[in-house]
>>> print(open('run_16.txt').read())   # compact mmCIF, C-alpha atoms
# COMPACT_ATOMS: atom_id res chain seq x y z
CA MET A 566 104.03 129.95 80.29
CA MET A 567 102.78 132.71 82.61
CA LYS A 568 101.33 131.42 85.86
CA LYS A 569 98.12 132.92 87.22
CA SER A 570 97.34 133.18 90.93
CA ILE A 571 93.91 131.72 91.68
CA GLY A 572 94.00 132.12 95.47
CA ALA A 573 94.15 129.58 98.29
CA GLY A 574 92.11 126.48 97.48
CA THR A 575 92.12 122.71 97.52
CA PHE A 576 93.22 122.44 93.90
CA ALA A 577 95.70 119.56 94.05
CA THR A 578 94.91 116.91 91.48
CA PRO A 579 94.18 114.04 91.29
CA SER A 580 92.29 113.05 94.42
CA PRO A 581 90.85 109.59 95.01
CA VAL A 582 87.21 108.58 95.46
CA TRP A 583 87.20 106.31 98.47
CA VAL A 584 84.33 104.99 100.56
CA VAL A 585 84.70 104.91 104.35
CA GLY A 586 82.84 102.09 106.14
CA THR A 587 81.79 102.40 109.80
CA TYR A 588 79.29 101.09 112.35
CA ASP A 589 77.14 103.41 114.44
CA LYS A 590 76.44 102.82 118.14
CA ASN A 591 73.58 100.44 117.28
CA GLY A 592 75.66 98.46 114.83
CA LYS A 593 74.07 99.96 111.73
CA PRO A 594 76.62 100.01 108.90
CA ASN A 595 77.32 103.28 107.13
CA MET A 596 79.40 104.28 104.13
CA MET A 597 80.63 107.77 103.29
CA THR A 598 82.53 108.86 100.22
CA ALA A 599 85.67 110.89 100.88
CA ALA A 600 87.92 112.61 98.37
CA TRP A 601 90.35 113.85 101.00
CA GLY A 602 92.32 110.71 101.76
CA GLY A 603 95.69 109.13 101.09
CA ILE A 604 98.46 106.82 102.17
CA CYS A 605 100.63 108.60 104.74
CA CYS A 606 103.17 106.05 106.02
CA SER A 607 104.83 102.91 104.66
CA ARG A 608 105.85 101.18 107.91
CA PRO A 609 103.48 100.69 109.57
CA PRO A 610 101.23 101.07 106.53
CA CYS A 611 98.86 103.97 107.29
CA ILE A 612 96.11 105.79 105.46
CA TYR A 613 94.00 108.79 106.44
CA VAL A 614 90.58 110.09 105.57
CA SER A 615 89.51 113.64 106.38
CA VAL A 616 85.96 113.98 107.67
CA ARG A 617 83.81 116.91 108.83
CA GLU A 618 82.66 116.75 112.46
CA ALA A 619 79.00 117.11 111.37
CA THR A 620 79.05 113.79 109.50
CA TYR A 621 77.63 110.57 110.89
CA SER A 622 80.92 108.82 110.12
CA TYR A 623 82.84 111.18 112.43
CA GLY A 624 81.09 109.94 115.56
CA ASN A 625 81.20 106.35 114.36
CA ILE A 626 85.00 106.44 113.91
CA MET A 627 85.50 108.18 117.26
CA ASN A 628 83.38 105.54 119.02
CA ARG A 629 84.59 102.39 117.29
CA LYS A 630 88.23 103.43 116.70
CA ALA A 631 88.10 101.69 113.35
CA TYR A 632 87.04 102.13 109.73
CA THR A 633 87.49 100.53 106.33
CA VAL A 634 88.27 102.11 102.98
CA SER A 635 86.53 100.44 100.03
CA ILE A 636 87.68 101.54 96.59
CA PRO A 637 84.87 101.61 94.01
CA LYS A 638 85.22 100.90 90.32
CA GLU A 639 84.40 103.42 87.62
CA VAL A 640 81.05 101.68 87.01
CA ASN A 641 80.14 102.33 90.67
CA TRP A 642 80.36 106.12 90.32
CA ARG A 643 76.62 106.69 90.90
CA GLU A 644 76.58 104.70 94.15
CA ALA A 645 79.84 106.33 95.26
CA ASP A 646 78.52 109.80 94.49
CA TYR A 647 75.27 109.12 96.33
CA SER A 648 77.09 107.92 99.44
CA GLY A 649 78.91 111.26 99.44
CA THR A 650 75.74 113.36 99.32
CA ALA A 651 73.32 111.46 101.61
CA SER A 652 73.83 111.14 105.39
CA GLY A 653 73.72 107.92 107.38
CA ARG A 654 71.96 109.89 110.11
CA GLU A 655 68.88 110.09 107.88
CA THR A 656 68.98 106.98 105.74
CA ASP A 657 70.60 103.57 105.29
CA LYS A 658 72.84 104.04 102.28
CA PHE A 659 73.49 100.32 101.95
CA GLU A 660 69.75 99.62 101.65
CA ASP A 661 69.29 102.59 99.34
CA THR A 662 71.89 101.33 96.88
CA SER A 663 71.46 97.56 97.38
CA LEU A 664 75.19 97.36 98.13
CA LYS A 665 76.08 94.79 100.78
CA PRO A 666 77.95 95.57 104.00
CA VAL A 667 80.37 92.84 105.12
CA LYS A 668 81.65 92.78 108.70
CA SER A 669 85.45 92.93 108.74
CA GLU A 670 87.09 90.10 110.63
CA VAL A 671 90.02 92.26 111.71
CA VAL A 672 88.52 95.63 112.67
CA ASP A 673 85.18 96.80 114.06
CA ALA A 674 83.83 98.18 110.78
CA PRO A 675 82.03 96.99 107.63
CA TYR A 676 83.26 97.15 104.05
CA VAL A 677 81.43 97.18 100.69
CA GLU A 678 81.28 93.70 99.17
CA GLU A 679 80.85 94.94 95.60
CA TYR A 680 83.90 97.23 95.67
CA PRO A 681 87.06 95.40 94.56
CA LEU A 682 89.74 96.72 96.94
CA VAL A 683 89.35 97.10 100.72
CA LEU A 684 91.69 98.39 103.43
CA GLU A 685 90.86 97.51 107.04
CA CYS A 686 92.07 100.16 109.47
CA LYS A 687 92.48 100.63 113.19
CA LEU A 688 92.34 104.28 114.29
CA LYS A 689 95.86 105.46 115.15
CA ASP A 690 95.77 109.26 115.24
CA VAL A 691 93.24 112.10 115.16
CA VAL A 692 94.41 115.46 113.79
CA LYS A 693 91.95 118.37 113.94
CA LEU A 694 92.73 120.91 111.23
CA GLY A 695 89.65 123.15 110.82
CA SER A 696 86.61 122.17 108.78
CA HIS A 697 88.00 118.64 108.59
CA THR A 698 89.59 116.18 110.99
CA MET A 699 92.14 113.66 109.76
CA PHE A 700 91.60 110.11 110.93
CA VAL A 701 94.89 108.29 110.48
CA GLY A 702 94.39 104.54 110.46
CA GLU A 703 96.89 101.71 110.56
CA ILE A 704 96.12 99.30 107.72
CA LEU A 705 95.82 95.85 109.31
CA ASP A 706 94.84 93.96 106.16
CA VAL A 707 93.97 94.49 102.50
CA LYS A 708 91.30 92.42 100.75
CA VAL A 709 91.10 92.31 96.97
CA ASP A 710 88.76 90.74 94.44
CA GLN A 711 90.67 87.96 92.70
CA ASP A 712 89.84 89.32 89.25
CA VAL A 713 91.64 92.64 89.82
CA LEU A 714 94.91 91.06 90.97
CA SER A 715 98.02 90.72 88.81
CA ASN A 716 100.88 88.80 90.42
CA ASP A 717 98.95 88.95 93.70
CA ARG A 718 98.97 92.74 93.73
CA PRO A 719 96.14 95.19 92.99
CA ASP A 720 96.11 96.16 89.30
CA ILE A 721 94.85 99.72 88.76
CA GLN A 722 94.02 98.92 85.12
CA LYS A 723 91.64 96.19 86.28
CA ILE A 724 90.24 98.07 89.29
CA LYS A 725 89.57 101.21 87.21
CA PRO A 726 89.18 103.45 90.27
CA ILE A 727 87.56 106.88 90.03
CA LEU A 728 89.57 110.10 90.16
CA PHE A 729 88.08 113.26 91.67
CA ASN A 730 89.18 116.66 90.46
CA SER A 731 88.17 119.62 92.60
CA GLY A 732 88.77 122.11 89.76
CA ASP A 733 85.73 120.92 87.80
CA ARG A 734 84.07 119.02 90.66
CA GLY A 735 84.14 116.06 88.29
CA TYR A 736 84.95 112.37 88.19
CA HIS A 737 87.53 111.07 85.74
CA SER A 738 88.76 107.63 84.74
CA VAL A 739 92.23 106.07 84.74
CA GLY A 740 93.92 106.01 81.34
CA SER A 741 96.80 103.86 80.12
CA ARG A 742 99.98 102.78 81.85
CA ILE A 743 102.89 105.17 81.21
CA ALA A 744 106.00 103.56 82.69
CA ASP A 745 107.67 101.83 85.63
CA ALA A 746 108.25 104.05 88.64
CA PHE A 747 111.74 104.21 90.21
CA SER A 748 113.28 103.50 86.78
CA ILE A 749 115.08 106.80 86.01
CA ARG A 750 118.33 106.75 87.97
CA ASN A 751 120.32 109.11 85.74
CA PRO A 752 119.44 112.72 85.03
CA PRO A 753 117.04 113.08 82.10
CA LYS A 754 117.45 116.40 80.27
CA SER A 755 114.12 118.10 79.64
CA MET B 922 83.56 87.68 93.76
CA MET B 923 85.74 86.10 96.44
CA LYS B 924 88.10 88.50 98.14
CA LYS B 925 91.68 87.47 98.83
CA SER B 926 93.67 88.74 101.80
CA ILE B 927 97.03 90.11 100.66
CA GLY B 928 98.25 91.36 104.05
CA ALA B 929 98.87 94.84 105.41
CA GLY B 930 100.28 97.16 102.74
CA THR B 931 99.99 100.58 101.15
CA PHE B 932 97.72 99.38 98.37
CA ALA B 933 95.21 102.24 98.13
CA THR B 934 94.89 103.46 94.57
CA PRO B 935 95.30 105.93 92.95
CA SER B 936 98.05 108.00 94.53
CA PRO B 937 99.33 111.26 93.09
CA VAL B 938 102.81 112.08 91.82
CA TRP B 939 103.65 115.42 93.37
CA VAL B 940 106.95 117.26 93.61
CA VAL B 941 107.87 118.96 96.89
CA GLY B 942 110.01 122.12 96.57
CA THR B 943 112.24 123.31 99.44
CA TYR B 944 115.34 125.39 100.20
CA ASP B 945 118.24 124.00 102.20
CA LYS B 946 120.09 126.04 104.84
CA ASN B 947 122.31 127.59 102.17
CA GLY B 948 119.38 128.53 99.95
CA LYS B 949 119.96 125.73 97.45
CA PRO B 950 116.62 124.69 95.93
CA ASN B 951 115.61 121.04 96.07
CA MET B 952 112.73 119.01 94.66
CA MET B 953 111.55 115.62 95.85
CA THR B 954 108.82 113.47 94.36
CA ALA B 955 106.25 112.18 96.83
CA ALA B 956 103.42 109.73 96.19
CA TRP B 957 102.13 109.92 99.75
CA GLY B 958 100.29 113.22 99.73
CA GLY B 959 96.78 114.62 99.63
CA ILE B 960 94.37 117.40 100.50
CA CYS B 961 93.34 117.04 104.13
CA CYS B 962 91.20 120.06 104.99
CA SER B 963 88.92 122.45 103.08
CA ARG B 964 88.91 125.48 105.44
CA PRO B 965 91.68 126.44 105.82
CA PRO B 966 92.79 124.63 102.67
CA CYS B 967 95.49 122.16 103.73
CA ILE B 968 97.61 119.53 102.04
CA TYR B 969 100.13 117.07 103.42
CA VAL B 970 103.17 115.26 102.10
CA SER B 971 104.72 112.31 103.91
CA VAL B 972 108.50 112.27 103.96
CA ARG B 973 111.13 109.95 105.45
CA GLU B 974 113.42 111.54 108.03
CA ALA B 975 116.51 110.48 106.04
CA THR B 976 115.59 112.69 103.08
CA TYR B 977 117.15 116.07 102.42
CA SER B 978 113.67 117.57 102.15
CA TYR B 979 112.81 116.57 105.72
CA GLY B 980 115.43 118.88 107.24
CA ASN B 981 114.63 121.62 104.75
CA ILE B 982 110.94 121.66 105.69
CA MET B 983 111.72 121.53 109.41
CA ASN B 984 114.09 124.51 109.07
CA ARG B 985 112.13 126.71 106.68
CA LYS B 986 108.60 125.79 107.84
CA ALA B 987 107.46 125.94 104.24
CA TYR B 988 107.26 123.95 101.03
CA THR B 989 105.58 123.98 97.65
CA VAL B 990 103.84 121.19 95.76
CA SER B 991 104.37 121.32 91.98
CA ILE B 992 102.22 118.96 89.94
CA PRO B 993 103.98 117.58 86.85
CA LYS B 994 102.34 116.68 83.56
CA GLU B 995 102.41 113.20 82.08
CA VAL B 996 105.23 114.27 79.70
CA ASN B 997 107.35 115.14 82.76
CA TRP B 998 107.33 111.61 84.13
CA ARG B 999 111.07 111.05 83.61
CA GLU B 1000 112.05 114.20 85.51
CA ALA B 1001 109.49 113.46 88.21
CA ASP B 1002 110.75 109.89 88.58
CA TYR B 1003 114.37 111.03 88.76
CA SER B 1004 113.59 113.57 91.48
CA GLY B 1005 112.15 110.70 93.51
CA THR B 1006 115.26 108.49 93.22
CA ALA B 1007 118.16 111.00 93.53
CA SER B 1008 118.90 112.93 96.76
CA GLY B 1009 119.43 116.68 97.04
CA ARG B 1010 122.14 115.92 99.55
CA GLU B 1011 124.30 114.55 96.74
CA THR B 1012 123.25 116.46 93.65
CA ASP B 1013 121.33 119.48 92.38
CA LYS B 1014 118.25 117.95 90.80
CA PHE B 1015 117.22 121.22 89.16
CA GLU B 1016 120.59 121.44 87.37
CA ASP B 1017 120.47 117.74 86.51
CA THR B 1018 117.10 118.05 84.79
CA SER B 1019 117.38 121.63 83.47
CA LEU B 1020 114.11 122.40 85.26
CA LYS B 1021 113.97 125.91 86.70
CA PRO B 1022 113.36 126.72 90.38
CA VAL B 1023 111.27 129.85 90.98
CA LYS B 1024 111.25 131.51 94.40
CA SER B 1025 107.72 131.68 95.77
CA GLU B 1026 106.60 135.18 96.70
CA VAL B 1027 104.38 133.91 99.52
CA VAL B 1028 106.38 131.15 101.26
CA ASP B 1029 110.07 130.43 101.80
CA ALA B 1030 110.34 127.69 99.16
CA PRO B 1031 110.87 127.30 95.41
CA TYR B 1032 108.53 125.73 92.87
CA VAL B 1033 109.11 124.14 89.46
CA GLU B 1034 108.47 126.62 86.65
CA GLU B 1035 107.78 123.97 84.01
CA TYR B 1036 105.12 122.17 86.08
CA PRO B 1037 101.64 123.59 85.43
CA LEU B 1038 100.02 123.62 88.90
CA VAL B 1039 101.69 124.84 92.10
CA LEU B 1040 100.50 125.01 95.71
CA GLU B 1041 102.42 127.26 98.10
CA CYS B 1042 102.29 125.99 101.67
CA LYS B 1043 103.20 127.18 105.14
CA LEU B 1044 103.98 124.33 107.56
CA LYS B 1045 101.06 123.90 109.97
CA ASP B 1046 101.46 120.51 111.62
CA VAL B 1047 104.03 117.71 111.90
CA VAL B 1048 102.73 114.18 112.56
CA LYS B 1049 105.30 111.43 113.10
CA LEU B 1050 103.87 108.04 112.16
CA GLY B 1051 106.79 105.60 111.71
CA SER B 1052 108.89 105.40 108.56
CA HIS B 1053 107.26 108.62 107.37
CA THR B 1054 106.38 111.97 108.90
CA MET B 1055 103.39 113.93 107.64
CA PHE B 1056 104.00 117.59 106.96
CA VAL B 1057 100.61 119.29 106.90
CA GLY B 1058 100.79 122.63 105.13
CA GLU B 1059 98.26 125.43 104.86
CA ILE B 1060 97.85 126.34 101.19
CA LEU B 1061 98.41 130.11 100.97
CA ASP B 1062 98.11 130.40 97.20
CA VAL B 1063 97.75 128.32 94.05
CA LYS B 1064 99.51 129.23 90.80
CA VAL B 1065 98.42 127.72 87.49
CA ASP B 1066 99.63 127.89 83.91
CA GLN B 1067 97.04 129.81 81.92
CA ASP B 1068 96.77 127.05 79.31
CA VAL B 1069 95.53 124.43 81.82
CA LEU B 1070 92.72 126.60 83.21
CA SER B 1071 89.05 126.22 82.29
CA ASN B 1072 86.76 128.88 83.78
CA ASP B 1073 89.70 129.98 85.95
CA ARG B 1074 89.97 126.58 87.60
CA PRO B 1075 92.57 123.82 87.06
CA ASP B 1076 91.43 121.39 84.38
CA ILE B 1077 92.69 117.85 84.99
CA GLN B 1078 92.20 116.95 81.33
CA LYS B 1079 94.61 119.73 80.33
CA ILE B 1080 97.08 119.19 83.18
CA LYS B 1081 97.26 115.45 82.54
CA PRO B 1082 98.82 114.67 85.93
CA ILE B 1083 100.53 111.35 86.64
CA LEU B 1084 98.93 108.64 88.78
CA PHE B 1085 101.07 106.31 90.89
CA ASN B 1086 99.90 102.81 91.67
CA SER B 1087 101.80 100.97 94.39
CA GLY B 1088 100.47 97.58 93.25
CA ASP B 1089 102.57 97.58 90.08
CA ARG B 1090 104.93 100.39 91.13
CA GLY B 1091 103.86 102.06 87.90
CA TYR B 1092 102.77 105.41 86.54
CA HIS B 1093 99.43 105.76 84.79
CA SER B 1094 97.68 108.53 82.91
CA VAL B 1095 94.30 110.20 83.41
CA GLY B 1096 91.56 108.94 81.11
CA SER B 1097 88.29 110.59 80.13
CA ARG B 1098 85.79 112.56 82.20
CA ILE B 1099 83.04 110.35 83.63
CA ALA B 1100 80.49 112.66 85.26
CA ASP B 1101 79.79 115.60 87.56
CA ALA B 1102 80.42 114.92 91.23
CA PHE B 1103 77.67 115.68 93.79
CA SER B 1104 75.04 115.01 91.12
CA ILE B 1105 73.34 111.84 92.47
CA ARG B 1106 70.94 112.96 95.18
CA ASN B 1107 68.50 110.05 94.97
CA PRO B 1108 69.37 106.40 95.62
CA PRO B 1109 70.68 104.66 92.50
CA LYS B 1110 69.89 100.95 92.47
CA SER B 1111 72.94 98.88 91.57
>>> encode(input="run_16.txt", output="structure tokens")
Amino acid sequence: MMKKSIGAGTFATPSPVWVVGTYDKNGKPNMMTAAWGGICCSRPPCIYVSVREATYSYGNIMNRKAYTVSIPKEVNWREADYSGTASGRETDKFEDTSLKPVKSEVVDAPYVEEYPLVLECKLKDVVKLGSHTMFVGEILDVKVDQDVLSNDRPDIQKIKPILFNSGDRGYHSVGSRIADAFSIRNPPKS
Amino acid sequence: MMKKSIGAGTFATPSPVWVVGTYDKNGKPNMMTAAWGGICCSRPPCIYVSVREATYSYGNIMNRKAYTVSIPKEVNWREADYSGTASGRETDKFEDTSLKPVKSEVVDAPYVEEYPLVLECKLKDVVKLGSHTMFVGEILDVKVDQDVLSNDRPDIQKIKPILFNSGDRGYHSVGSRIADAFSIRNPPKS
């Protein structure tokens, strides 16, 4: 198959749809949807979210040195999309959507009660890259709705998180389970 | 729904399954599967992969200041899994799998011919975090198989990339398209 050059762009796929929870200087909770985020270290467990300096969340994270990542379900896509287009500087996105902010007991940030998987993060590193700044957070605890656990671990087939694809600027769902990872120890011939 | 604390862990979901291509000091091509990776900046377009210092890829990236990210299809899961368990220090994973390394024309690294989407990256930043080091790369070009393009952009439904979920250490497929992103401008009531 001939490969075509399409120029420099952010076309890696898939990307997550994750919602970043923060408090502003008056203690007002905010949530912002980020597609640029990922786990970046196993020990200590770390995650990052990349945020533009113009966003309300940027200042909140810089001030509070903390944020949460709440992972919405497929059925939450409208709320998650809205919290990526509106700004907490102009509106209260929790009130707008009737979603409920819950104060984390371990970091100075709120999470989204209705979203099934939550990571509570203490700011560890700030990496300025250009349009976006990476906020690397150490994950201090993970909170999960009981009904999306299997063997006490988060079950992606129950969570049904949303996938973002930059190619079509679209949201996609998770399909079926393919196989166990770390299971092919001998060379498979393609 | 009551949330349960499951402790600090790398339980964000989904994560990608991406294959990092590098050359060693003798010019031998290597590929390593990483689940800790993501887009981290829009302008300039940047991606990162997190790699343990013990891996062969770590030294290769440090020496060559370049890498590629090749995104495998669902049908490639066995090859992709194998290239995450075997080490290039001990074997030639391209020979083992009969996959073909192609020398990038824009960076000093090879990519996987059979994988449909490729990002060619120049090393921009190195962030040591603990068990893993983040290699942030500036994406200089993207190459795509013609048959996974729609309107000249990568189509996730044609690529059918693999999702990794750390909760069950399993691979999962992409399901159906849900909706356009950036489409909900007014508050949806949940």
>>> residues_near_point(input="run_16.txt", point="(101.0, 101.6, 90.8)", cutoff="10 Å", atoms="all atoms listed in the file", output="list of chain:residue names")
A:Arg718, A:Pro719, A:Asp720, A:Ile721, A:Gln722, A:Arg742, A:Ala744, A:Asp745, A:Ala746, B:Phe932, B:Ala933, B:Thr934, B:Pro935, B:Ser936, B:Leu1084, B:Phe1085, B:Asn1086, B:Ser1087, B:Gly1088, B:Asp1089, B:Arg1090, B:Gly1091, B:Tyr1092, B:His1093
>>> closest_residue(input="run_16.txt", among="A:Val640, A:Ile612, A:Ile727, A:Val739", to="Glu703 (chain A)", atoms="all atoms listed in the file")
A:Ile612
>>> residues_near_point(input="run_16.txt", point="(111.6, 121.7, 92.9)", cutoff="6 Å", atoms="all atoms listed in the file", output="list in words")
Gly942, Asn951, Met952, Pro1022, Tyr1032 and Val1033 of chain B
>>> closest_residue(input="run_16.txt", among="A:Gly702, A:Pro753, A:Pro726, A:Gly574", to="Cys606 (chain A)", atoms="only C-alpha atoms")
A:Gly702
>>> residues_around(input="run_16.txt", residues="Val671 (chain A)", least_positions_apart="4", cutoff="10 Å", atoms="only C-alpha atoms", output="PyMOL selection string")
chain A and resi 631+685-687+705-706
>>> closest_residue(input="run_16.txt", among="A:Lys569, A:Lys689, A:Arg617, A:Lys638", to="Val582 (chain A)", atoms="only C-alpha atoms")
A:Lys638
>>> atom_distance(input="run_16.txt", atom1="CA of Ala651 (chain A)", atom2="CA of Glu670 (chain A)")
27.0 Å
>>> closest_residue(input="run_16.txt", among="A:Ser652, A:Ser669, A:Ser622, A:Ser663", to="chain B", atoms="only C-alpha atoms")
A:Ser663
>>> closest_residue(input="run_16.txt", among="A:Tyr623, A:Trp642, A:Trp601, A:Tyr613", to="Tyr680 (chain A)", atoms="all atoms listed in the file")
A:Trp642
>>> atom_distance(input="run_16.txt", atom1="CA of Ser738 (chain A)", atom2="CA of Ser635 (chain A)")
17.0 Å
>>> closest_residue(input="run_16.txt", among="A:Ile743, A:Met566, A:Val701, A:Ala645", to="Lys658 (chain A)", atoms="all atoms listed in the file")
A:Ala645
>>> atom_distance(input="run_16.txt", atom1="CA of Ile960 (chain B)", atom2="CA of Ala600 (chain A)")
8.3 Å
>>> residues_around(input="run_16.txt", residues="Glu1034 (chain B)", least_positions_apart="4", cutoff="8 Å", atoms="only C-alpha atoms", output="PyMOL selection string")
chain B and resi 1020-1023
>>> residues_around(input="run_16.txt", residues="Leu694 (chain A)", least_positions_apart="5", cutoff="9 Å", atoms="all atoms listed in the file", output="PyMOL selection string")
(chain A and resi 699) or (chain B and resi 961-962+964-965+967+1045-1046)
>>> residues_around(input="run_16.txt", residues="Val990 (chain B)", least_positions_apart="3", cutoff="6 Å", atoms="all atoms listed in the file", output="PDB file with C-alpha atoms, keeping the file's coordinate frame")
ATOM      1  CA  VAL B 940     106.950 117.260  93.610  1.00  0.00           C
ATOM      2  CA  VAL B 941     107.870 118.960  96.890  1.00  0.00           C
ATOM      3  CA  VAL B1039     101.690 124.840  92.100  1.00  0.00           C
ATOM      4  CA  LEU B1040     100.500 125.010  95.710  1.00  0.00           C
TER       5      LEU B1040
END
>>> residues_around(input="run_16.txt", residues="Trp939 (chain B)", least_positions_apart="3", cutoff="6 Å", atoms="all atoms listed in the file", output="PDB file with C-alpha atoms, in the coordinates of the input")
ATOM      1  CA  THR B 954     108.820 113.470  94.360  1.00  0.00           C
ATOM      2  CA  ALA B 955     106.250 112.180  96.830  1.00  0.00           C
ATOM      3  CA  ILE B 992     102.220 118.960  89.940  1.00  0.00           C
TER       4      ILE B 992
END
>>> axis_aligned_box(input="run_16.txt", around="region 736-751 of chain A", padding_each_side="4 Å", output="AutoDock Vina command-line options")
--center_x 102.6 --center_y 107.1 --center_z 85.2 --size_x 43.4 --size_y 18.5 --size_z 18.1
>>> build_atoms(input="run_16.txt", residues="region 1027-1041 of chain B", atoms="N, CA, C and O atoms", output="PDB file, keeping the file's coordinate frame")
ATOM      1  N   VAL B1027     105.202 133.967  98.297  1.00  0.00           N
ATOM      2  CA  VAL B1027     104.380 133.910  99.520  1.00  0.00           C
ATOM      3  C   VAL B1027     104.925 132.975 100.600  1.00  0.00           C
ATOM      4  O   VAL B1027     104.585 133.140 101.764  1.00  0.00           O
ATOM      5  N   VAL B1028     105.747 132.003 100.233  1.00  0.00           N
ATOM      6  CA  VAL B1028     106.380 131.150 101.260  1.00  0.00           C
ATOM      7  C   VAL B1028     107.858 130.987 100.931  1.00  0.00           C
ATOM      8  O   VAL B1028     108.292 131.250  99.810  1.00  0.00           O
ATOM      9  N   ASP B1029     108.616 130.532 101.919  1.00  0.00           N
ATOM     10  CA  ASP B1029     110.070 130.430 101.800  1.00  0.00           C
ATOM     11  C   ASP B1029     110.455 129.090 101.146  1.00  0.00           C
ATOM     12  O   ASP B1029     111.057 128.220 101.780  1.00  0.00           O
ATOM     13  N   ALA B1030     110.087 128.945  99.883  1.00  0.00           N
ATOM     14  CA  ALA B1030     110.340 127.690  99.160  1.00  0.00           C
ATOM     15  C   ALA B1030     110.247 127.957  97.656  1.00  0.00           C
ATOM     16  O   ALA B1030     109.571 128.903  97.234  1.00  0.00           O
ATOM     17  N   PRO B1031     110.926 127.134  96.865  1.00  0.00           N
ATOM     18  CA  PRO B1031     110.870 127.300  95.410  1.00  0.00           C
ATOM     19  C   PRO B1031     109.860 126.326  94.786  1.00  0.00           C
ATOM     20  O   PRO B1031     109.550 125.280  95.367  1.00  0.00           O
ATOM     21  N   TYR B1032     109.362 126.686  93.610  1.00  0.00           N
ATOM     22  CA  TYR B1032     108.530 125.730  92.870  1.00  0.00           C
ATOM     23  C   TYR B1032     109.139 125.485  91.495  1.00  0.00           C
ATOM     24  O   TYR B1032     110.138 126.115  91.125  1.00  0.00           O
ATOM     25  N   VAL B1033     108.558 124.539  90.759  1.00  0.00           N
ATOM     26  CA  VAL B1033     109.110 124.140  89.460  1.00  0.00           C
ATOM     27  C   VAL B1033     108.390 124.900  88.348  1.00  0.00           C
ATOM     28  O   VAL B1033     107.188 124.698  88.135  1.00  0.00           O
ATOM     29  N   GLU B1034     109.114 125.759  87.655  1.00  0.00           N
ATOM     30  CA  GLU B1034     108.470 126.620  86.650  1.00  0.00           C
ATOM     31  C   GLU B1034     107.743 125.832  85.579  1.00  0.00           C
ATOM     32  O   GLU B1034     106.657 126.211  85.133  1.00  0.00           O
ATOM     33  N   GLU B1035     108.336 124.722  85.143  1.00  0.00           N
ATOM     34  CA  GLU B1035     107.780 123.970  84.010  1.00  0.00           C
ATOM     35  C   GLU B1035     106.541 123.141  84.384  1.00  0.00           C
ATOM     36  O   GLU B1035     105.866 122.621  83.490  1.00  0.00           O
ATOM     37  N   TYR B1036     106.267 122.962  85.667  1.00  0.00           N
ATOM     38  CA  TYR B1036     105.120 122.170  86.080  1.00  0.00           C
ATOM     39  C   TYR B1036     103.893 123.081  86.196  1.00  0.00           C
ATOM     40  O   TYR B1036     103.986 124.180  86.746  1.00  0.00           O
ATOM     41  N   PRO B1037     102.729 122.644  85.684  1.00  0.00           N
ATOM     42  CA  PRO B1037     101.640 123.590  85.430  1.00  0.00           C
ATOM     43  C   PRO B1037     100.823 124.047  86.638  1.00  0.00           C
ATOM     44  O   PRO B1037     100.137 125.058  86.558  1.00  0.00           O
ATOM     45  N   LEU B1038     100.879 123.303  87.743  1.00  0.00           N
ATOM     46  CA  LEU B1038     100.020 123.620  88.900  1.00  0.00           C
ATOM     47  C   LEU B1038     100.885 123.605  90.153  1.00  0.00           C
ATOM     48  O   LEU B1038     101.610 122.634  90.394  1.00  0.00           O
ATOM     49  N   VAL B1039     100.811 124.675  90.939  1.00  0.00           N
ATOM     50  CA  VAL B1039     101.690 124.840  92.100  1.00  0.00           C
ATOM     51  C   VAL B1039     100.885 125.271  93.314  1.00  0.00           C
ATOM     52  O   VAL B1039     100.059 126.186  93.212  1.00  0.00           O
ATOM     53  N   LEU B1040     101.120 124.613  94.445  1.00  0.00           N
ATOM     54  CA  LEU B1040     100.500 125.010  95.710  1.00  0.00           C
ATOM     55  C   LEU B1040     101.594 125.483  96.657  1.00  0.00           C
ATOM     56  O   LEU B1040     102.596 124.781  96.844  1.00  0.00           O
ATOM     57  N   GLU B1041     101.408 126.657  97.230  1.00  0.00           N
ATOM     58  CA  GLU B1041     102.420 127.260  98.100  1.00  0.00           C
ATOM     59  C   GLU B1041     101.958 127.125  99.551  1.00  0.00           C
ATOM     60  O   GLU B1041     100.887 127.626  99.915  1.00  0.00           O
TER      61      GLU B1041
END
